[in-house]
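J.: Next comes protein-v8.txt, compact mmCIF, C-alpha atoms:
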# COMPACT_ATOMS: atom_id res chain seq x y z
CA MET A 128 30.36 -178.34 -108.77
CA HIS A 129 27.17 -176.85 -107.43
CA THR A 130 24.77 -173.99 -107.95
CA LYS A 131 23.11 -171.35 -105.81
CA ASP A 132 19.98 -170.39 -107.62
CA ALA A 133 16.83 -168.48 -106.80
CA THR A 134 13.49 -170.05 -106.04
CA ASP A 135 12.60 -172.50 -108.80
CA GLU A 136 15.84 -173.91 -110.20
CA LYS A 137 14.00 -176.02 -112.79
CA LEU A 138 12.90 -172.88 -114.62
CA LEU A 139 16.31 -171.24 -114.56
CA LEU A 140 19.16 -171.56 -117.02
CA GLY A 141 21.73 -173.64 -115.16
CA ILE A 142 24.32 -176.39 -115.05
CA GLY A 143 24.32 -178.61 -118.14
CA ASP A 144 22.57 -176.01 -120.33
CA GLU A 145 24.19 -174.45 -123.37
CA ALA A 146 25.07 -170.82 -122.71
CA PRO A 147 23.00 -168.50 -124.97
CA ASP A 148 25.13 -166.70 -127.51
CA PHE A 149 25.35 -162.90 -127.47
CA GLU A 150 27.32 -160.02 -128.93
CA LEU A 151 28.14 -156.87 -126.94
CA ARG A 152 30.46 -153.86 -127.20
CA ASP A 153 33.33 -153.10 -124.83
CA GLU A 154 34.34 -149.67 -123.47
CA GLU A 155 36.09 -148.86 -126.76
CA GLY A 156 33.14 -149.89 -128.94
CA ASN A 157 34.64 -153.21 -130.08
CA LEU A 158 32.20 -156.11 -130.52
CA HIS A 159 32.71 -159.40 -128.63
CA LYS A 160 30.69 -162.54 -129.28
CA LEU A 161 30.50 -165.32 -126.70
CA SER A 162 30.67 -168.07 -129.35
CA SER A 163 33.96 -166.63 -130.64
CA PHE A 164 35.58 -168.00 -127.47
CA ARG A 165 34.42 -171.57 -128.17
CA GLY A 166 37.32 -173.92 -127.42
CA ARG A 167 38.28 -171.91 -124.32
CA ARG A 168 36.78 -171.80 -120.85
CA VAL A 169 34.92 -168.61 -119.94
CA MET A 170 33.99 -166.95 -116.67
CA LEU A 171 30.96 -164.73 -117.32
CA SER A 172 30.20 -162.19 -114.58
CA PHE A 173 27.13 -159.96 -114.47
CA PHE A 174 27.43 -156.76 -112.45
CA ARG A 175 24.95 -153.94 -111.78
CA TYR A 176 26.01 -150.65 -113.40
CA ALA A 177 29.59 -149.54 -114.04
CA SER A 178 29.78 -146.70 -111.49
CA CYS A 179 28.25 -148.75 -108.65
CA PRO A 180 30.80 -148.52 -105.75
CA VAL A 181 30.11 -152.09 -104.63
CA CYS A 182 30.60 -153.34 -108.19
CA LEU A 183 33.88 -151.45 -108.63
CA TYR A 184 35.14 -152.92 -105.35
CA ASN A 185 34.29 -156.41 -106.61
CA VAL A 186 35.80 -155.67 -110.02
CA ASP A 187 39.14 -154.99 -108.32
CA ARG A 188 38.92 -158.41 -106.68
CA LEU A 189 37.93 -159.95 -110.00
CA LYS A 190 41.00 -158.43 -111.69
CA GLN A 191 43.17 -160.49 -109.33
CA GLN A 192 41.16 -163.58 -110.22
CA ALA A 193 41.40 -162.75 -113.92
CA ALA A 194 45.20 -162.73 -113.74
CA LEU A 195 45.16 -166.32 -112.48
CA LEU A 196 42.49 -167.30 -115.00
CA GLN A 197 44.54 -165.81 -117.84
CA LYS A 198 47.49 -168.04 -116.89
CA ALA A 199 45.09 -170.96 -117.25
CA GLU A 200 43.94 -169.61 -120.67
CA ILE A 201 40.46 -168.80 -119.33
CA VAL A 202 38.59 -165.75 -120.65
CA THR A 203 36.82 -163.38 -118.25
CA LEU A 204 33.78 -161.41 -119.48
CA CYS A 205 32.28 -158.69 -117.23
CA ILE A 206 28.87 -157.30 -118.20
CA PHE A 207 27.40 -154.02 -116.92
CA ARG A 208 24.05 -152.29 -117.40
CA SER A 209 25.81 -149.12 -118.57
CA GLU A 210 26.84 -147.30 -121.73
CA PRO A 211 30.27 -148.32 -123.08
CA THR A 212 31.59 -144.83 -122.31
CA MET A 213 30.80 -145.30 -118.60
CA MET A 214 32.92 -148.44 -118.22
CA GLN A 215 36.47 -147.08 -118.47
CA ARG A 216 37.15 -147.18 -114.73
CA ALA A 217 35.99 -150.78 -114.51
CA ALA A 218 38.11 -151.70 -117.55
CA ASP A 219 41.32 -150.04 -116.32
CA GLY A 220 44.02 -152.52 -115.41
CA THR A 221 42.41 -155.54 -117.05
CA ASN A 222 44.43 -157.99 -119.15
CA GLU A 223 43.94 -158.96 -122.80
CA ASP A 224 41.76 -161.95 -121.85
CA THR A 225 39.38 -159.84 -119.74
CA HIS A 226 36.65 -157.87 -121.52
CA THR A 227 34.27 -155.30 -120.02
CA LEU A 228 30.98 -155.30 -121.93
CA SER A 229 27.95 -153.03 -122.12
CA ASP A 230 24.38 -154.35 -121.93
CA LEU A 231 22.47 -151.14 -121.22
CA LYS A 232 19.03 -152.59 -122.01
CA GLY A 233 19.68 -155.84 -120.17
CA SER A 234 19.02 -158.20 -123.11
CA VAL A 235 21.82 -160.60 -122.11
CA TYR A 236 20.76 -160.43 -118.45
CA LYS A 237 17.36 -161.65 -119.62
CA LYS A 238 18.87 -164.43 -121.74
CA PHE A 239 20.76 -165.72 -118.70
CA GLN A 240 17.81 -165.02 -116.39
CA VAL A 241 19.77 -162.63 -114.19
CA LYS A 242 16.90 -160.60 -112.81
CA PRO A 243 16.52 -157.35 -110.89
CA SER A 244 14.90 -157.54 -107.46
CA LEU A 245 12.86 -155.01 -105.49
CA ARG A 246 14.59 -156.36 -102.37
CA VAL A 247 17.75 -154.49 -103.41
CA ARG A 248 16.21 -151.26 -102.08
CA SER A 249 16.13 -152.71 -98.58
CA ILE A 250 19.39 -154.72 -98.60
CA TYR A 251 21.79 -152.48 -100.58
CA PRO A 252 24.63 -151.42 -98.22
CA TYR A 253 24.12 -147.64 -98.65
CA LYS A 254 26.09 -146.65 -95.52
CA SER A 255 29.03 -148.88 -96.43
CA ALA A 256 28.96 -147.59 -100.02
CA ILE A 257 29.41 -144.01 -98.85
CA PHE A 258 31.37 -144.30 -95.60
CA GLY A 259 32.76 -147.83 -95.37
CA LYS A 260 35.11 -150.02 -97.41
CA TYR A 261 33.40 -149.01 -100.66
CA SER A 262 33.92 -145.27 -100.14
CA PRO A 263 37.10 -145.01 -102.31
CA TYR A 264 34.94 -146.14 -105.24
CA VAL A 265 32.24 -143.49 -104.81
CA ASP A 266 31.94 -140.91 -107.59
CA LEU A 267 28.51 -139.32 -107.17
CA LYS A 268 28.75 -137.26 -110.36
CA MET A 269 29.55 -140.37 -112.40
CA MET A 270 26.84 -142.38 -110.64
CA PHE A 271 24.12 -139.83 -111.40
CA LYS A 272 25.24 -139.67 -115.01
CA ASP A 273 25.29 -143.46 -115.27
CA ILE A 274 21.83 -144.14 -113.83
CA LYS A 275 19.85 -141.21 -115.19
CA GLY A 276 17.32 -141.71 -117.98
CA LYS A 277 14.27 -143.73 -118.79
CA GLY A 278 14.37 -147.41 -117.90
CA ARG A 279 17.34 -147.15 -115.52
CA ASP A 280 15.40 -148.46 -112.50
CA GLU A 281 16.29 -152.04 -113.44
CA ALA A 282 20.01 -151.20 -113.32
CA LEU A 283 19.56 -149.91 -109.77
CA LEU A 284 17.66 -153.05 -108.76
CA GLN A 285 19.97 -155.48 -110.56
CA LEU A 286 21.55 -158.39 -108.70
CA PRO A 287 24.92 -159.90 -109.76
CA ALA A 288 25.54 -163.40 -111.11
CA ASP A 289 28.43 -165.58 -112.32
CA PHE A 290 28.48 -168.38 -114.90
CA LEU A 291 31.37 -170.76 -115.58
CA ILE A 292 31.24 -172.04 -119.17
CA ASP A 293 33.35 -174.88 -120.57
CA GLU A 294 35.12 -175.20 -123.93
CA ASN A 295 31.94 -176.51 -125.58
CA GLY A 296 29.78 -173.62 -124.43
CA ILE A 297 28.11 -175.62 -121.63
CA ILE A 298 27.43 -174.03 -118.24
CA VAL A 299 29.23 -176.00 -115.51
CA ASP A 300 28.57 -173.78 -112.49
CA VAL A 301 26.24 -170.88 -111.62
CA PHE A 302 25.97 -168.35 -108.82
CA ARG A 303 22.95 -166.04 -108.70
CA SER A 304 23.45 -163.59 -105.87
CA GLU A 305 20.74 -162.65 -103.42
CA THR A 306 22.52 -159.41 -102.43
CA PRO A 307 24.14 -156.61 -104.47
CA GLN A 308 27.63 -157.28 -103.09
CA ASP A 309 28.08 -161.05 -103.47
CA HIS A 310 29.80 -163.03 -106.22
CA MET A 311 30.92 -166.63 -106.64
CA GLU A 312 33.48 -167.78 -104.07
CA PHE A 313 36.96 -168.32 -105.46
CA GLU A 314 37.00 -171.95 -104.26
CA ARG A 315 34.41 -172.69 -106.95
CA ILE A 316 36.31 -170.69 -109.57
CA GLU A 317 39.54 -172.49 -108.67
CA ALA A 318 37.79 -175.85 -109.18
CA PHE A 319 36.96 -174.64 -112.72
CA ILE A 320 40.67 -174.22 -113.54
CA PRO A 321 42.25 -177.40 -114.97
CA LYS A 322 44.39 -179.02 -112.25
CA GLY A 323 47.61 -178.67 -114.20
CA LYS A 324 47.05 -174.93 -114.65
CA ARG A 325 46.17 -173.94 -111.08
CA CYS A 326 48.37 -171.54 -109.12
CA LYS A 327 51.15 -173.21 -107.11
CA CYS A 328 52.87 -170.13 -105.66
CA LYS A 329 52.08 -171.20 -102.04
CA GLN A 330 52.15 -167.56 -100.88
CA LYS A 331 50.19 -166.37 -97.85
CA ASP A 332 48.60 -163.44 -99.73
CA CYS A 333 47.62 -165.38 -102.88
CA ILE A 334 43.97 -165.17 -103.88
CA SER A 335 43.97 -168.96 -104.28
CA PRO A 336 42.65 -170.67 -101.10
CA THR A 337 44.81 -173.72 -101.90
CA CYS A 338 48.00 -171.63 -101.98
CA ARG A 339 47.11 -169.95 -98.68
CA GLU A 340 46.30 -173.28 -97.04
CA THR A 341 49.56 -174.79 -98.32
CA TYR A 342 51.52 -171.80 -97.00
CA ALA A 343 49.87 -172.16 -93.57
CA GLN A 344 50.67 -175.88 -93.48
CA ILE A 345 54.33 -175.26 -94.45
CA ARG A 346 54.61 -172.67 -91.65
CA LYS A 347 52.99 -175.03 -89.18
CA ASP A 348 55.33 -177.88 -90.14
CA ALA A 349 58.38 -175.57 -89.93
CA GLU A 350 57.38 -174.32 -86.46
CA SER A 351 56.77 -177.89 -85.34
CA MET A 352 60.28 -178.91 -86.45
CA THR A 353 61.77 -175.90 -84.65
CA TRP A 354 60.43 -177.12 -81.32
CA HIS A 355 61.84 -180.65 -81.70
Let me see whether you can do it: turn the structure in this file into structure tokens.

T.:
Amino acid sequence: MHTKDATDEKLLLGIGDEAPDFELRDEEGNLHKLSSFRGRRVMLSFFRYASCPVCLYNVDRLKQQAALLQKAEIVTLCIFRSEPTMMQRAADGTNEDTHTLSDLKGSVYKKFQVKPSLRVRSIYPYKSAIFGKYSPYVDLKMMFKDIKGKGRDEALLQLPADFLIDENGIIVDVFRSETPQDHMEFERIEAFIPKGKRCKCKQKDCISPTCRETYAQIRKDAESMTWH
């Protein structure tokens, strides 16, 4: 496995480090502690704020991933810089092993060194968020409510990140995004799933790259046999 980190990797929390423990509330106010999942693998995803259209688009993709991860007994934790009451839309449709957590002040972001960046102002896909593929996720009233208040600038400037944590609480892969819309590629997440628990559906629309590749090869072999 590999890592995509910002400038000085030696100063950043990364592969081989123990994941810092934390305790956060979900959208219903229930507390969840990272160390309580010791003995299970965890995918920890940091998003921006809960009403961010780009984040909600990526959350929908993550829900598909989470379904495969649940079959492999892997927990998915999604953290937002929002109040718990703002996270219902992001939490809708998640399974019992996926938890949407509130870190309004960014204390866990700081522990994992997931930093905001002033570059977000120049690279955030504003046009796409309003008119493009993210437009179904735009709720301006909710967005203004979510980001108003003192100290909310960091939520607007936040970049995403993903950490894969093993059963012993050790980080085994890291992705720190350089843009607001990127998250870890599923090929890396699939490698985190134990081989015996990976998806084997072999369907063309599966989120697993291996299943899609297998489907394509089966089709290719079948077409080849047809012509002989």

J.: List as a PyMOL selection string the protein and nucleic acid residues near region 221-229 of chain A, meaning an atom at most 7 Å away when all atoms listed in the file are counted, but skip any in the same chain fewer than 6 places from it.

T.: chain A and resi 151-154+190+193+197+202-211

J.: Output C-alpha atoms for every residue in the selection just made, as a PDB file, in the coordinates of the input.

T.:
ATOM      1  CA  LEU A 151      28.140-156.870-126.940  1.00  0.00           C
ATOM      2  CA  ARG A 152      30.460-153.860-127.200  1.00  0.00           C
ATOM      3  CA  ASP A 153      33.330-153.100-124.830  1.00  0.00           C
ATOM      4  CA  GLU A 154      34.340-149.670-123.470  1.00  0.00           C
ATOM      5  CA  LYS A 190      41.000-158.430-111.690  1.00  0.00           C
ATOM      6  CA  ALA A 193      41.400-162.750-113.920  1.00  0.00           C
ATOM      7  CA  GLN A 197      44.540-165.810-117.840  1.00  0.00           C
ATOM      8  CA  VAL A 202      38.590-165.750-120.650  1.00  0.00           C
ATOM      9  CA  THR A 203      36.820-163.380-118.250  1.00  0.00           C
ATOM     10  CA  LEU A 204      33.780-161.410-119.480  1.00  0.00           C
ATOM     11  CA  CYS A 205      32.280-158.690-117.230  1.00  0.00           C
ATOM     12  CA  ILE A 206      28.870-157.300-118.200  1.00  0.00           C
ATOM     13  CA  PHE A 207      27.400-154.020-116.920  1.00  0.00           C
ATOM     14  CA  ARG A 208      24.050-152.290-117.400  1.00  0.00           C
ATOM     15  CA  SER A 209      25.810-149.120-118.570  1.00  0.00           C
ATOM     16  CA  GLU A 210      26.840-147.300-121.730  1.00  0.00           C
ATOM     17  CA  PRO A 211      30.270-148.320-123.080  1.00  0.00           C
TER      18      PRO A 211
END

J.: For a test of reading the model, state the distance in Å between CA of Ser335 (chain A) and CA of Gly296 (chain A), rounded to one decimal.

T.: 25.1 Å

J.: Do you have the CA of Val301 (chain A)-CA of Ser234 (chain A) distance handy?

T.: 18.6 Å

J.: May I ask for the distance between CA of Leu140 (chain A) and CA of Gln240 (chain A), given in Å to one decimal place?

T.: 6.7 Å

J.: Kindly indicate which residue among A:Pro321, A:Pro336, A:Gly233, A:Pro263 lies nearest to Leu286 (chain A), using all atoms listed in the file for the distances.

T.: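 Smallest separation from Leu286 (chain A) among the options: A:Gly233.
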
J.: Pick out the residues sitting within 12 Å of Cys326 (chain A), and hand them over as number ranges by chain; count all atoms listed in the file, and ignore anything fewer than 4 positions along from it in its own chain.

T.: A: 192, 194-199, 317-318, 320-322, 330, 333-339, 341

J.: Using only C-alpha atoms, find the one residue out of A:Leu284, A:Val235, A:Ser304, A:Phe271 that sits nearest to Ser178 (chain A).

T.: A:Phe271

J.: Pick from A:Gln285, A:Lys327, A:Phe173, A:Leu245: nearest to Phe302 (chain A), with all atoms listed in the file counted?

T.: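 Looking at the shortest contact to Phe302 (chain A), the residue is A:Phe173.
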
J.: With distances taken over only C-alpha atoms, which of A:Glu294, A:Glu305, A:Met270, A:Ile316 is nearest to Ser163 (chain A)?

T.: A:Glu294

J.: My list of candidates is A:Ile274, A:Val265, A:Leu158, A:Ile298. Which is closest to Tyr176 (chain A) when distances are computed with all atoms listed in the file?

T.: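 The shortest atom-to-atom distance to Tyr176 (chain A) comes from A:Ile274.
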
J.: Find the residue from A:Met269, A:Cys182, A:Leu189, A:Leu291 that sits nearest to Arg167 (chain A); use all atoms listed in the file when measuring.

T.: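 So, comparing all the options, the nearest one is A:Leu291.
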
J.: Find the smallest box with edges along x, y and z containing every listed atom of region 190-204 of chain A, then add 8 Å on each side and report centre and edge lengths in Å to one decimal, as JSON.

T.:
{"center_x": 40.6, "center_y": -164.7, "center_z": -115.0, "size_x": 29.7, "size_y": 28.5, "size_z": 27.3}

J.: Could region 174-185 of chain A be completed with all heavy atoms and written as a compact mmCIF listing (two decimals), in the frame of the given file, please?

T.:
# COMPACT_ATOMS: atom_id res chain seq x y z
N PHE A 174 27.40 -157.75 -113.51
CA PHE A 174 27.43 -156.76 -112.45
C PHE A 174 26.17 -155.88 -112.56
O PHE A 174 25.31 -156.12 -113.40
CB PHE A 174 28.68 -155.89 -112.55
CG PHE A 174 29.94 -156.65 -112.25
CD1 PHE A 174 30.60 -157.37 -113.24
CD2 PHE A 174 30.48 -156.65 -110.97
CE1 PHE A 174 31.75 -158.08 -112.96
CE2 PHE A 174 31.63 -157.35 -110.68
CZ PHE A 174 32.28 -158.06 -111.67
N ARG A 175 26.08 -154.86 -111.73
CA ARG A 175 24.95 -153.94 -111.78
C ARG A 175 25.25 -152.87 -112.84
O ARG A 175 25.18 -153.13 -114.02
CB ARG A 175 24.70 -153.36 -110.39
CG ARG A 175 24.39 -154.46 -109.36
CD ARG A 175 24.25 -153.93 -107.96
NE ARG A 175 23.02 -153.19 -107.80
CZ ARG A 175 22.94 -152.00 -107.21
NH1 ARG A 175 24.03 -151.41 -106.76
NH2 ARG A 175 21.77 -151.40 -107.09
N TYR A 176 25.62 -151.68 -112.44
CA TYR A 176 26.01 -150.65 -113.40
C TYR A 176 27.46 -150.24 -113.11
O TYR A 176 27.97 -150.44 -112.00
CB TYR A 176 25.06 -149.44 -113.33
CG TYR A 176 24.87 -148.87 -111.95
CD1 TYR A 176 25.61 -147.78 -111.52
CD2 TYR A 176 23.95 -149.42 -111.06
CE1 TYR A 176 25.45 -147.26 -110.24
CE2 TYR A 176 23.78 -148.90 -109.79
CZ TYR A 176 24.53 -147.82 -109.39
OH TYR A 176 24.36 -147.31 -108.12
N ALA A 177 28.13 -149.67 -114.09
CA ALA A 177 29.59 -149.54 -114.04
C ALA A 177 30.13 -148.58 -112.99
O ALA A 177 31.29 -148.68 -112.60
CB ALA A 177 30.11 -149.13 -115.42
N SER A 178 29.30 -147.64 -112.51
CA SER A 178 29.78 -146.70 -111.49
C SER A 178 29.33 -147.09 -110.09
O SER A 178 29.57 -146.36 -109.13
CB SER A 178 29.28 -145.29 -111.81
OG SER A 178 27.86 -145.25 -111.84
N CYS A 179 28.68 -148.24 -109.95
CA CYS A 179 28.25 -148.75 -108.65
C CYS A 179 29.48 -149.00 -107.78
O CYS A 179 30.35 -149.79 -108.15
CB CYS A 179 27.46 -150.04 -108.85
SG CYS A 179 27.24 -151.03 -107.36
N PRO A 180 29.61 -148.35 -106.60
CA PRO A 180 30.80 -148.52 -105.75
C PRO A 180 31.04 -149.97 -105.34
O PRO A 180 32.19 -150.43 -105.31
CB PRO A 180 30.48 -147.64 -104.53
CG PRO A 180 29.49 -146.65 -105.00
CD PRO A 180 28.67 -147.36 -106.04
N VAL A 181 29.97 -150.69 -105.03
CA VAL A 181 30.11 -152.09 -104.63
C VAL A 181 30.64 -152.92 -105.80
O VAL A 181 31.50 -153.79 -105.62
CB VAL A 181 28.76 -152.65 -104.13
CG1 VAL A 181 28.88 -154.13 -103.81
CG2 VAL A 181 28.29 -151.88 -102.90
N CYS A 182 30.14 -152.62 -107.00
CA CYS A 182 30.60 -153.34 -108.19
C CYS A 182 32.07 -153.07 -108.48
O CYS A 182 32.84 -153.99 -108.79
CB CYS A 182 29.76 -152.95 -109.41
SG CYS A 182 28.01 -153.34 -109.22
N LEU A 183 32.48 -151.81 -108.38
CA LEU A 183 33.88 -151.45 -108.63
C LEU A 183 34.81 -152.11 -107.62
O LEU A 183 35.91 -152.54 -107.97
CB LEU A 183 34.05 -149.93 -108.60
CG LEU A 183 33.43 -149.19 -109.80
CD1 LEU A 183 33.43 -147.68 -109.55
CD2 LEU A 183 34.18 -149.51 -111.09
N TYR A 184 34.37 -152.21 -106.38
CA TYR A 184 35.14 -152.92 -105.35
C TYR A 184 35.31 -154.38 -105.76
O TYR A 184 36.41 -154.94 -105.69
CB TYR A 184 34.40 -152.81 -104.01
CG TYR A 184 35.01 -153.61 -102.89
CD1 TYR A 184 36.01 -153.07 -102.08
CD2 TYR A 184 34.57 -154.92 -102.63
CE1 TYR A 184 36.55 -153.81 -101.04
CE2 TYR A 184 35.12 -155.66 -101.59
CZ TYR A 184 36.11 -155.10 -100.79
OH TYR A 184 36.65 -155.84 -99.77
N ASN A 185 34.22 -155.00 -106.20
CA ASN A 185 34.29 -156.41 -106.61
C ASN A 185 35.07 -156.60 -107.90
O ASN A 185 35.70 -157.64 -108.10
CB ASN A 185 32.87 -156.97 -106.76
CG ASN A 185 32.23 -157.28 -105.42
OD1 ASN A 185 32.90 -157.72 -104.49
ND2 ASN A 185 30.94 -157.02 -105.28
